[in-house]
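Visitor: My structure is in work39.cif, and what it holds is mmCIF, C-alpha atoms; chains and numbers go by the auth columns:
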data_model
#
loop_
_atom_site.group_PDB
_atom_site.id
_atom_site.type_symbol
_atom_site.label_atom_id
_atom_site.label_comp_id
_atom_site.label_asym_id
_atom_site.label_seq_id
_atom_site.Cartn_x
_atom_site.Cartn_y
_atom_site.Cartn_z
_atom_site.B_iso_or_equiv
_atom_site.auth_seq_id
_atom_site.auth_asym_id
ATOM 1 C CA MET A 1 94.524 84.746 96.689 0.00 1208 Y
ATOM 2 C CA ARG A 2 96.405 83.066 93.846 0.00 1209 Y
ATOM 3 C CA LEU A 3 97.059 84.816 90.539 0.00 1210 Y
ATOM 4 C CA LEU A 4 98.661 83.957 87.205 0.00 1211 Y
ATOM 5 C CA VAL A 5 100.431 86.767 85.346 0.00 1212 Y
ATOM 6 C CA VAL A 6 101.033 86.126 81.632 0.00 1213 Y
ATOM 7 C CA GLU A 7 103.173 88.892 80.125 0.00 1214 Y
ATOM 8 C CA ASP A 8 105.937 88.537 77.524 0.00 1215 Y
ATOM 9 C CA GLU A 9 107.792 91.725 78.472 0.00 1216 Y
ATOM 10 C CA PRO A 10 110.206 90.499 81.197 0.00 1217 Y
ATOM 11 C CA SER A 11 110.679 93.821 82.985 0.00 1218 Y
ATOM 12 C CA LEU A 12 106.939 94.484 83.248 0.00 1219 Y
ATOM 13 C CA ARG A 13 106.269 90.905 84.319 0.00 1220 Y
ATOM 14 C CA ARG A 14 108.896 91.092 87.073 0.00 1221 Y
ATOM 15 C CA LEU A 15 107.473 94.392 88.299 0.00 1222 Y
ATOM 16 C CA LEU A 16 103.908 93.085 88.362 0.00 1223 Y
ATOM 17 C CA VAL A 17 104.920 89.941 90.230 0.00 1224 Y
ATOM 18 C CA GLN A 18 106.904 91.940 92.769 0.00 1225 Y
ATOM 19 C CA ARG A 19 104.139 94.469 93.424 0.00 1226 Y
ATOM 20 C CA LEU A 20 101.405 91.823 93.612 0.00 1227 Y
ATOM 21 C CA ARG A 21 103.423 89.745 96.081 0.00 1228 Y
ATOM 22 C CA GLU A 22 103.879 92.887 98.175 0.00 1229 Y
ATOM 23 C CA GLU A 23 100.068 93.010 98.225 0.00 1230 Y
ATOM 24 C CA ASN A 24 100.142 89.461 99.692 0.00 1231 Y
ATOM 25 C CA TYR A 25 98.954 87.665 96.575 0.00 1232 Y
ATOM 26 C CA SER A 26 100.442 84.309 95.657 0.00 1233 Y
ATOM 27 C CA VAL A 27 101.673 84.755 92.093 0.00 1234 Y
ATOM 28 C CA ASP A 28 102.814 82.461 89.295 0.00 1235 Y
ATOM 29 C CA ASP A 29 104.050 83.961 86.053 0.00 1236 Y
ATOM 30 C CA CYS A 30 105.087 83.089 82.522 0.00 1237 Y
ATOM 31 C CA GLY A 31 105.776 84.829 79.226 0.00 1238 Y
ATOM 32 C CA ASP A 32 103.962 82.857 76.533 0.00 1239 Y
ATOM 33 C CA GLY A 33 100.597 81.309 75.825 0.00 1240 Y
ATOM 34 C CA GLU A 34 101.695 77.671 75.823 0.00 1241 Y
ATOM 35 C CA SER A 35 103.260 77.958 79.276 0.00 1242 Y
ATOM 36 C CA ALA A 36 100.145 79.733 80.507 0.00 1243 Y
ATOM 37 C CA ARG A 37 97.982 76.885 79.241 0.00 1244 Y
ATOM 38 C CA ASP A 38 100.156 74.415 81.189 0.00 1245 Y
ATOM 39 C CA TYR A 39 99.896 76.485 84.376 0.00 1246 Y
ATOM 40 C CA LEU A 40 96.128 76.733 84.042 0.00 1247 Y
ATOM 41 C CA ALA A 41 95.826 72.988 83.489 0.00 1248 Y
ATOM 42 C CA GLY A 42 97.787 72.244 86.649 0.00 1249 Y
ATOM 43 C CA ALA A 43 96.423 74.725 89.174 0.00 1250 Y
ATOM 44 C CA GLU A 44 93.362 76.704 90.212 0.00 1251 Y
ATOM 45 C CA TYR A 45 93.660 80.501 90.112 0.00 1252 Y
ATOM 46 C CA ASP A 46 91.478 83.221 91.537 0.00 1253 Y
ATOM 47 C CA ALA A 47 92.262 85.543 88.615 0.00 1254 Y
ATOM 48 C CA LEU A 48 94.362 85.727 85.459 0.00 1255 Y
ATOM 49 C CA ILE A 49 96.226 88.858 84.296 0.00 1256 Y
ATOM 50 C CA LEU A 50 96.729 88.237 80.598 0.00 1257 Y
ATOM 51 C CA ASP A 51 98.627 90.121 77.912 0.00 1258 Y
ATOM 52 C CA ILE A 52 97.002 89.895 74.488 0.00 1259 Y
ATOM 53 C CA MET A 53 100.163 89.944 72.355 0.00 1260 Y
ATOM 54 C CA LEU A 54 101.999 86.756 73.303 0.00 1261 Y
ATOM 55 C CA PRO A 55 104.402 84.488 71.429 0.00 1262 Y
ATOM 56 C CA GLY A 56 102.875 81.173 70.367 0.00 1263 Y
ATOM 57 C CA ILE A 57 99.275 81.100 71.541 0.00 1264 Y
ATOM 58 C CA SER A 58 97.877 84.630 71.704 0.00 1265 Y
ATOM 59 C CA GLY A 59 96.125 85.912 74.802 0.00 1266 Y
ATOM 60 C CA LEU A 60 92.778 86.026 73.018 0.00 1267 Y
ATOM 61 C CA ALA A 61 93.155 82.466 71.731 0.00 1268 Y
ATOM 62 C CA LEU A 62 94.032 81.312 75.241 0.00 1269 Y
ATOM 63 C CA LEU A 63 90.997 83.144 76.611 0.00 1270 Y
ATOM 64 C CA ARG A 64 88.665 81.664 74.006 0.00 1271 Y
ATOM 65 C CA GLY A 65 89.932 78.191 74.898 0.00 1272 Y
ATOM 66 C CA LEU A 66 89.291 78.758 78.611 0.00 1273 Y
ATOM 67 C CA ARG A 67 85.754 79.972 78.079 0.00 1274 Y
ATOM 68 C CA ALA A 68 84.984 77.178 75.614 0.00 1275 Y
ATOM 69 C CA LYS A 69 85.837 74.697 78.393 0.00 1276 Y
ATOM 70 C CA GLY A 70 83.537 76.476 80.815 0.00 1277 Y
ATOM 71 C CA ASP A 71 86.401 77.958 82.850 0.00 1278 Y
ATOM 72 C CA THR A 72 85.050 81.095 84.573 0.00 1279 Y
ATOM 73 C CA THR A 73 88.314 82.316 86.122 0.00 1280 Y
ATOM 74 C CA PRO A 74 88.218 86.151 86.090 0.00 1281 Y
ATOM 75 C CA VAL A 75 90.507 87.553 83.379 0.00 1282 Y
ATOM 76 C CA LEU A 76 92.006 91.036 83.213 0.00 1283 Y
ATOM 77 C CA LEU A 77 93.452 91.712 79.763 0.00 1284 Y
ATOM 78 C CA LEU A 78 96.552 93.870 79.298 0.00 1285 Y
ATOM 79 C CA THR A 79 97.344 95.379 75.912 0.00 1286 Y
ATOM 80 C CA ALA A 80 98.915 98.315 74.131 0.00 1287 Y
ATOM 81 C CA ARG A 81 96.042 98.253 71.605 0.00 1288 Y
ATOM 82 C CA ASP A 82 93.493 100.817 72.718 0.00 1289 Y
ATOM 83 C CA SER A 83 90.928 101.103 69.940 0.00 1290 Y
ATOM 84 C CA VAL A 84 87.250 100.522 70.700 0.00 1291 Y
ATOM 85 C CA GLY A 85 87.284 97.535 68.360 0.00 1292 Y
ATOM 86 C CA ASP A 86 90.166 95.935 70.256 0.00 1293 Y
ATOM 87 C CA ARG A 87 88.405 96.395 73.594 0.00 1294 Y
ATOM 88 C CA VAL A 88 85.160 94.992 72.226 0.00 1295 Y
ATOM 89 C CA GLU A 89 86.968 91.961 70.785 0.00 1296 Y
ATOM 90 C CA GLY A 90 88.650 91.237 74.118 0.00 1297 Y
ATOM 91 C CA LEU A 91 85.421 91.522 76.070 0.00 1298 Y
ATOM 92 C CA ASP A 92 83.529 89.427 73.522 0.00 1299 Y
ATOM 93 C CA CYS A 93 86.158 86.691 73.921 0.00 1300 Y
ATOM 94 C CA GLY A 94 85.216 86.469 77.593 0.00 1301 Y
ATOM 95 C CA ALA A 95 87.464 88.955 79.382 0.00 1302 Y
ATOM 96 C CA ASP A 96 86.076 90.468 82.576 0.00 1303 Y
ATOM 97 C CA ASP A 97 88.056 93.695 82.273 0.00 1304 Y
ATOM 98 C CA TYR A 98 90.544 95.418 79.964 0.00 1305 Y
ATOM 99 C CA LEU A 99 93.517 97.654 80.855 0.00 1306 Y
ATOM 100 C CA VAL A 100 95.570 99.571 78.293 0.00 1307 Y
ATOM 101 C CA LYS A 101 99.344 99.941 78.648 0.00 1308 Y
ATOM 102 C CA PRO A 102 100.915 101.969 80.097 0.00 1309 Y
ATOM 103 C CA PHE A 103 98.882 101.822 83.277 0.00 1310 Y
ATOM 104 C CA ALA A 104 99.252 102.715 86.935 0.00 1311 Y
ATOM 105 C CA PHE A 105 99.669 99.734 89.248 0.00 1312 Y
ATOM 106 C CA ASP A 106 97.123 101.211 91.676 0.00 1313 Y
ATOM 107 C CA GLU A 107 94.486 101.065 88.933 0.00 1314 Y
ATOM 108 C CA LEU A 108 95.362 97.466 88.097 0.00 1315 Y
ATOM 109 C CA ALA A 109 95.158 96.563 91.795 0.00 1316 Y
ATOM 110 C CA ALA A 110 91.758 98.239 92.130 0.00 1317 Y
ATOM 111 C CA ARG A 111 90.363 96.491 89.050 0.00 1318 Y
ATOM 112 C CA LEU A 112 91.716 93.200 90.360 0.00 1319 Y
ATOM 113 C CA ARG A 113 89.955 93.687 93.687 0.00 1320 Y
ATOM 114 C CA VAL A 114 86.674 94.222 91.820 0.00 1321 Y
ATOM 115 C CA LEU A 115 87.139 90.951 89.922 0.00 1322 Y
ATOM 116 C CA LEU A 116 87.896 89.078 93.131 0.00 1323 Y
ATOM 117 C CA ARG A 117 84.824 90.545 94.836 0.00 1324 Y
ATOM 118 C CA ARG A 118 82.690 89.232 91.991 0.00 1325 Y
ATOM 119 C CA ARG A 119 84.283 85.810 92.342 0.00 1326 Y
ATOM 120 C CA SER A 120 83.506 85.884 96.080 0.00 1327 Y
ATOM 121 C CA GLY A 121 79.804 86.147 95.366 0.00 1328 Y
ATOM 122 C CA GLY A 122 79.420 89.783 94.470 0.00 1329 Y
ATOM 123 C CA ALA A 123 80.273 91.305 97.848 0.00 1330 Y
ATOM 124 C CA ALA A 124 79.632 95.035 97.775 0.00 1331 Y
ATOM 125 C CA SER A 125 82.979 95.882 99.361 0.00 1332 Y
ATOM 126 C CA ASP A 126 86.334 94.449 100.377 0.00 1333 Y
ATOM 127 C CA ILE A 127 85.192 94.176 104.002 0.00 1334 Y
ATOM 128 C CA PHE A 128 84.172 90.730 105.258 0.00 1335 Y
ATOM 129 C CA ARG A 129 82.704 89.872 108.671 0.00 1336 Y
ATOM 130 C CA VAL A 130 82.149 86.671 110.607 0.00 1337 Y
ATOM 131 C CA ALA A 131 80.797 87.160 114.135 0.00 1338 Y
ATOM 132 C CA ASP A 132 82.887 90.032 115.587 0.00 1339 Y
ATOM 133 C CA LEU A 133 85.818 89.434 113.204 0.00 1340 Y
ATOM 134 C CA GLU A 134 86.219 92.074 110.503 0.00 1341 Y
ATOM 135 C CA VAL A 135 88.729 91.821 107.648 0.00 1342 Y
ATOM 136 C CA ASP A 136 89.290 94.711 105.252 0.00 1343 Y
ATOM 137 C CA CYS A 137 90.992 93.109 102.251 0.00 1344 Y
ATOM 138 C CA ALA A 138 91.755 96.429 100.555 0.00 1345 Y
ATOM 139 C CA ARG A 139 93.368 98.065 103.575 0.00 1346 Y
ATOM 140 C CA HIS A 140 94.803 94.794 104.938 0.00 1347 Y
ATOM 141 C CA THR A 141 93.410 95.445 108.396 0.00 1348 Y
ATOM 142 C CA VAL A 142 91.889 92.987 110.870 0.00 1349 Y
ATOM 143 C CA THR A 143 89.881 93.575 114.036 0.00 1350 Y
ATOM 144 C CA ARG A 144 88.213 91.191 116.463 0.00 1351 Y
ATOM 145 C CA GLY A 145 85.682 92.698 118.822 0.00 1352 Y
ATOM 146 C CA GLY A 146 86.973 96.106 117.768 0.00 1353 Y
ATOM 147 C CA VAL A 147 90.541 95.196 118.788 0.00 1354 Y
ATOM 148 C CA PRO A 148 93.140 95.692 115.983 0.00 1355 Y
ATOM 149 C CA ILE A 149 95.120 92.540 115.205 0.00 1356 Y
ATOM 150 C CA THR A 150 98.488 92.578 113.447 0.00 1357 Y
ATOM 151 C CA LEU A 151 99.143 89.735 111.000 0.00 1358 Y
ATOM 152 C CA SER A 152 102.103 88.837 108.823 0.00 1359 Y
ATOM 153 C CA GLY A 153 101.643 88.810 105.054 0.00 1360 Y
ATOM 154 C CA LYS A 154 101.115 85.049 104.887 0.00 1361 Y
ATOM 155 C CA GLU A 155 98.805 85.053 107.909 0.00 1362 Y
ATOM 156 C CA PHE A 156 96.660 87.729 106.300 0.00 1363 Y
ATOM 157 C CA ALA A 157 96.603 85.886 102.963 0.00 1364 Y
ATOM 158 C CA ILE A 158 95.356 82.699 104.637 0.00 1365 Y
ATOM 159 C CA LEU A 159 92.752 84.577 106.664 0.00 1366 Y
ATOM 160 C CA GLU A 160 91.540 86.396 103.548 0.00 1367 Y
ATOM 161 C CA TYR A 161 91.135 83.078 101.727 0.00 1368 Y
ATOM 162 C CA LEU A 162 89.258 81.601 104.685 0.00 1369 Y
ATOM 163 C CA ILE A 163 86.901 84.539 105.150 0.00 1370 Y
ATOM 164 C CA ARG A 164 86.159 84.893 101.431 0.00 1371 Y
ATOM 165 C CA ASN A 165 85.090 81.244 101.662 0.00 1372 Y
ATOM 166 C CA ALA A 166 83.479 81.465 105.104 0.00 1373 Y
ATOM 167 C CA GLY A 167 81.488 78.352 105.949 0.00 1374 Y
ATOM 168 C CA ILE A 168 83.268 76.270 103.294 0.00 1375 Y
ATOM 169 C CA VAL A 169 85.686 73.560 104.382 0.00 1376 Y
ATOM 170 C CA LEU A 170 89.064 74.032 102.654 0.00 1377 Y
ATOM 171 C CA SER A 171 91.607 71.248 102.536 0.00 1378 Y
ATOM 172 C CA ARG A 172 95.211 71.831 103.623 0.00 1379 Y
ATOM 173 C CA ASP A 173 96.336 71.210 100.063 0.00 1380 Y
ATOM 174 C CA LYS A 174 93.882 73.719 98.615 0.00 1381 Y
ATOM 175 C CA ILE A 175 94.928 76.376 101.124 0.00 1382 Y
ATOM 176 C CA GLY A 176 98.592 75.686 100.428 0.00 1383 Y
ATOM 177 C CA ARG A 177 98.207 75.902 96.670 0.00 1384 Y
ATOM 178 C CA HIS A 178 96.294 79.176 96.914 0.00 1385 Y
ATOM 179 C CA ILE A 179 98.676 80.879 99.297 0.00 1386 Y
ATOM 180 C CA TRP A 180 101.985 79.637 97.982 0.00 1387 Y
ATOM 181 C CA ASN A 181 103.022 79.482 94.328 0.00 1388 Y
ATOM 182 C CA TYR A 182 103.342 76.672 91.791 0.00 1389 Y
ATOM 183 C CA ASP A 183 106.390 75.282 93.611 0.00 1390 Y
ATOM 184 C CA TYR A 184 104.323 74.427 96.700 0.00 1391 Y
ATOM 185 C CA GLU A 185 104.736 70.781 97.647 0.00 1392 Y
ATOM 186 C CA GLY A 186 101.810 69.108 99.338 0.00 1393 Y
ATOM 187 C CA GLY A 187 102.432 67.091 102.482 0.00 1394 Y
ATOM 188 C CA SER A 188 104.229 69.901 104.277 0.00 1395 Y
ATOM 189 C CA ASN A 189 102.829 71.001 107.647 0.00 1396 Y
ATOM 190 C CA VAL A 190 103.331 74.679 106.795 0.00 1397 Y
ATOM 191 C CA VAL A 191 99.563 75.264 106.534 0.00 1398 Y
ATOM 192 C CA ASP A 192 98.993 73.764 109.993 0.00 1399 Y
ATOM 193 C CA VAL A 193 101.754 75.986 111.396 0.00 1400 Y
ATOM 194 C CA TYR A 194 100.140 79.155 110.043 0.00 1401 Y
ATOM 195 C CA ILE A 195 96.692 78.083 111.191 0.00 1402 Y
ATOM 196 C CA ARG A 196 98.131 77.778 114.714 0.00 1403 Y
ATOM 197 C CA TYR A 197 99.548 81.297 114.401 0.00 1404 Y
ATOM 198 C CA LEU A 198 96.139 82.609 113.311 0.00 1405 Y
ATOM 199 C CA ARG A 199 94.273 80.833 116.087 0.00 1406 Y
ATOM 200 C CA LYS A 200 96.640 82.294 118.672 0.00 1407 Y
ATOM 201 C CA LYS A 201 95.950 85.816 117.396 0.00 1408 Y
ATOM 202 C CA LEU A 202 92.278 85.541 116.431 0.00 1409 Y
ATOM 203 C CA ASP A 203 90.715 82.976 118.755 0.00 1410 Y
ATOM 204 C CA ASN A 204 92.694 83.042 122.000 0.00 1411 Y
ATOM 205 C CA GLY A 205 90.896 85.356 124.409 0.00 1412 Y
ATOM 206 C CA PHE A 206 87.867 85.749 122.130 0.00 1413 Y
ATOM 207 C CA SER A 207 84.548 83.962 121.842 0.00 1414 Y
ATOM 208 C CA PRO A 208 83.226 82.210 119.839 0.00 1415 Y
ATOM 209 C CA ARG A 209 86.095 80.231 118.321 0.00 1416 Y
ATOM 210 C CA LEU A 210 86.091 80.862 114.575 0.00 1417 Y
ATOM 211 C CA ILE A 211 88.843 78.771 112.955 0.00 1418 Y
ATOM 212 C CA GLN A 212 87.704 75.181 113.152 0.00 1419 Y
ATOM 213 C CA THR A 213 89.291 71.895 112.145 0.00 1420 Y
ATOM 214 C CA VAL A 214 87.161 69.412 110.242 0.00 1421 Y
ATOM 215 C CA ARG A 215 88.843 66.094 110.869 0.00 1422 Y
ATOM 216 C CA GLY A 216 90.110 64.477 107.690 0.00 1423 Y
ATOM 217 C CA ALA A 217 88.941 67.400 105.550 0.00 1424 Y
ATOM 218 C CA GLY A 218 90.700 70.637 106.478 0.00 1425 Y
ATOM 219 C CA TYR A 219 89.776 73.977 108.010 0.00 1426 Y
ATOM 220 C CA VAL A 220 86.758 76.273 107.957 0.00 1427 Y
ATOM 221 C CA LEU A 221 86.064 79.774 109.228 0.00 1428 Y
ATOM 222 C CA ARG A 222 82.655 79.926 110.898 0.00 1429 Y
ATOM 223 C CA GLU A 223 81.067 80.475 114.282 0.00 1430 Y
ATOM 224 C CA GLU A 224 81.542 77.536 116.616 0.00 1431 Y
ATOM 225 C CA GLU A 225 78.535 75.243 116.607 0.00 1432 Y
#
Take the structure in the file and give it back as structure tokens.
Guide:
Amino acid sequence: MRLLVVEDEPSLRRLLVQRLREENYSVDDCGDGESARDYLAGAEYDALILDIMLPGISGLALLRGLRAKGDTTPVLLLTARDSVGDRVEGLDCGADDYLVKPFAFDELAARLRVLLRRRSGGAASDIFRVADLEVDCARHTVTRGGVPITLSGKEFAILEYLIRNAGIVLSRDKIGRHIWNYDYEGGSNVVDVYIRYLRKKLDNGFSPRLIQTVRGAGYVLREEE
């Protein structure tokens, strides 16, 4: 899943990016509202972690602009302002959630998982199933037919993206831009390489085959037709 972190305090931003990448998220980051607007114009994100007090364009102004354009990307606001009025203002601007600094990373991660579940169609948990494949996105565990399967961070990130969009054909470019950061260059075969890794672990020796190629379009996770 691909995130954008907008935070003007460099040490906090670096920490958030590091911890989120350890959780296998693809993360872009910046420290001001104008840069954030450029990132959002050039890429699709699964969620936005947004500080309110930013140089240039404020977080709330950026949020208002997104919602005015019909952009429904989930937004988690970060702020040191903790009054009821401040929280109400942020939520009224279109935020999906609000976290007051200082905060525990585990709480931020939990709130983020809730936002991503909503974006995935309101799933009741972080566990997704297709046929006998089960993926627990919170625990980062995978089983097929009850057999535990060990994946690398990137393999898990790609599988999570596929299973959250089960039945939907995803292009190589879309997968690449969700799993890698803003520096990803299309045209590379890195997505195909990781899909081969996943097929070897998830499909070889199991039935039905779940990771399918749609010629000229991309890949889809679904039961073989």
Visitor: Choose the residue, out of Y:Val1282, Y:Leu1273, Y:Val1234, Y:Ile1375, that has the smallest atom-to-atom separation from Arg1318 in chain Y; count all atoms listed in the file.
Guide: Y:Val1282
Visitor: Can you pull out every residue within 8 Å of Asp1304 in chain Y, counting all atoms listed in the file, but drop anything in the same chain fewer than 2 positions away, and send it as a count of residues only?
Guide: 7
Visitor: Have a look at Y:Leu1270, Y:Ser1414, Y:Asp1380, Y:Asn1231 and name the one nearest to Cys1344 in chain Y; count all atoms listed in the file.
Guide: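 Nearest candidate to Cys1344 in chain Y out of Y:Leu1270, Y:Ser1414, Y:Asp1380, Y:Asn1231: Y:Asn1231.
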Visitor: From the options Y:Arg1384, Y:Arg1244, Y:Lys1276, Y:Arg1226, which residue's atoms come nearest to Gly1301 in chain Y, counting all atoms listed in the file?
Guide: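 Nearest to Gly1301 in chain Y: Y:Lys1276.
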Visitor: Could you please determine the separation between CA of Thr1286 in chain Y and CA of Gly1249 in chain Y in Å, to one decimal place?
Guide: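 Interatomic distance, CA of Thr1286 in chain Y to CA of Gly1249 in chain Y: 25.5 Å.
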Visitor: Would you please work out which residue, of Y:Asp1303, Y:Asp1410, Y:Glu1430, Y:Asp1313, is nearest to Arg1336 in chain Y when using all atoms listed in the file?
Guide: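 Closest to Arg1336 in chain Y, using all atoms listed in the file: Y:Glu1430.
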Visitor: Can you list, as JSON, numbers by chain, the residues that the PyMOL selection byres ((chain Y and resi 1347) around 10) selects here?
Guide: {"Y": [1230, 1231, 1333, 1334, 1342, 1343, 1344, 1345, 1346, 1348, 1349, 1357, 1358, 1360, 1363, 1364, 1367]}
Visitor: What would the file look like if the residues just selected were written as a PDB file, in the frame of the given file with C-alpha atoms?
Guide:
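Printed below is selection_6.pdb as written:
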ATOM      1  CA  GLU Y1230     100.068  93.010  98.225  1.00  0.00           C
ATOM      2  CA  ASN Y1231     100.142  89.461  99.692  1.00  0.00           C
ATOM      3  CA  ASP Y1333      86.334  94.449 100.377  1.00  0.00           C
ATOM      4  CA  ILE Y1334      85.192  94.176 104.002  1.00  0.00           C
ATOM      5  CA  VAL Y1342      88.729  91.821 107.648  1.00  0.00           C
ATOM      6  CA  ASP Y1343      89.290  94.711 105.252  1.00  0.00           C
ATOM      7  CA  CYS Y1344      90.992  93.109 102.251  1.00  0.00           C
ATOM      8  CA  ALA Y1345      91.755  96.429 100.555  1.00  0.00           C
ATOM      9  CA  ARG Y1346      93.368  98.065 103.575  1.00  0.00           C
ATOM     10  CA  THR Y1348      93.410  95.445 108.396  1.00  0.00           C
ATOM     11  CA  VAL Y1349      91.889  92.987 110.870  1.00  0.00           C
ATOM     12  CA  THR Y1357      98.488  92.578 113.447  1.00  0.00           C
ATOM     13  CA  LEU Y1358      99.143  89.735 111.000  1.00  0.00           C
ATOM     14  CA  GLY Y1360     101.643  88.810 105.054  1.00  0.00           C
ATOM     15  CA  PHE Y1363      96.660  87.729 106.300  1.00  0.00           C
ATOM     16  CA  ALA Y1364      96.603  85.886 102.963  1.00  0.00           C
ATOM     17  CA  GLU Y1367      91.540  86.396 103.548  1.00  0.00           C
TER      18      GLU Y1367
END
Visitor: Please return, as a list of chain:residue names, all polymer residues that have at least one atom within 12 Å of the point (93.9, 93.3, 116.9); use all atoms listed in the file and the file's own coordinate frame.
Guide: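 These residues have at least one counted atom within 12 Å: Y:Asp1339, Y:Leu1340, Y:Glu1341, Y:Val1342, Y:Thr1348, Y:Val1349, Y:Thr1350, Y:Arg1351, Y:Gly1352, Y:Gly1353, Y:Val1354, Y:Pro1355, Y:Ile1356, Y:Thr1357, Y:Leu1358, Y:Leu1405, Y:Lys1407, Y:Lys1408, Y:Leu1409, Y:Asp1410, Y:Asn1411, Y:Gly1412, Y:Phe1413.
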Visitor: Please report the interatomic distance between CA of Leu1227 in chain Y and CA of Ile1256 in chain Y in Å with one decimal.
Guide: 11.1 Å
Visitor: Please report the interatomic distance between CA of Asp1399 in chain Y and CA of Glu1431 in chain Y in Å with one decimal.
Guide: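 Interatomic distance here is 19.0 Å.
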Visitor: When the PyMOL selection byres ((chain Y and resi 1424) around 12) is applied to the file above, which residues end up in the set, as a list in words?
Guide: Ile1375, Val1376, Leu1377, Ser1378, Arg1379, Asp1380, Lys1381, Ile1382, Gln1419, Thr1420, Val1421, Arg1422, Gly1423, Gly1425, Tyr1426 and Val1427 of chain Y
Visitor: I'd like to see the residues matched by the PyMOL selection byres ((chain Y and resi 1223) around 10) on this file, and ideally I'd get them as a count of residues only.
Guide: 19
Visitor: From the set Y:Leu1211, Y:Ser1233, Y:Ser1359, Y:Met1260, which residue has the shortest atom-to-atom contact distance to Ala1248 in chain Y, counting only C-alpha atoms?
Guide: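 For Ala1248 in chain Y, the nearest of the candidates is Y:Leu1211.
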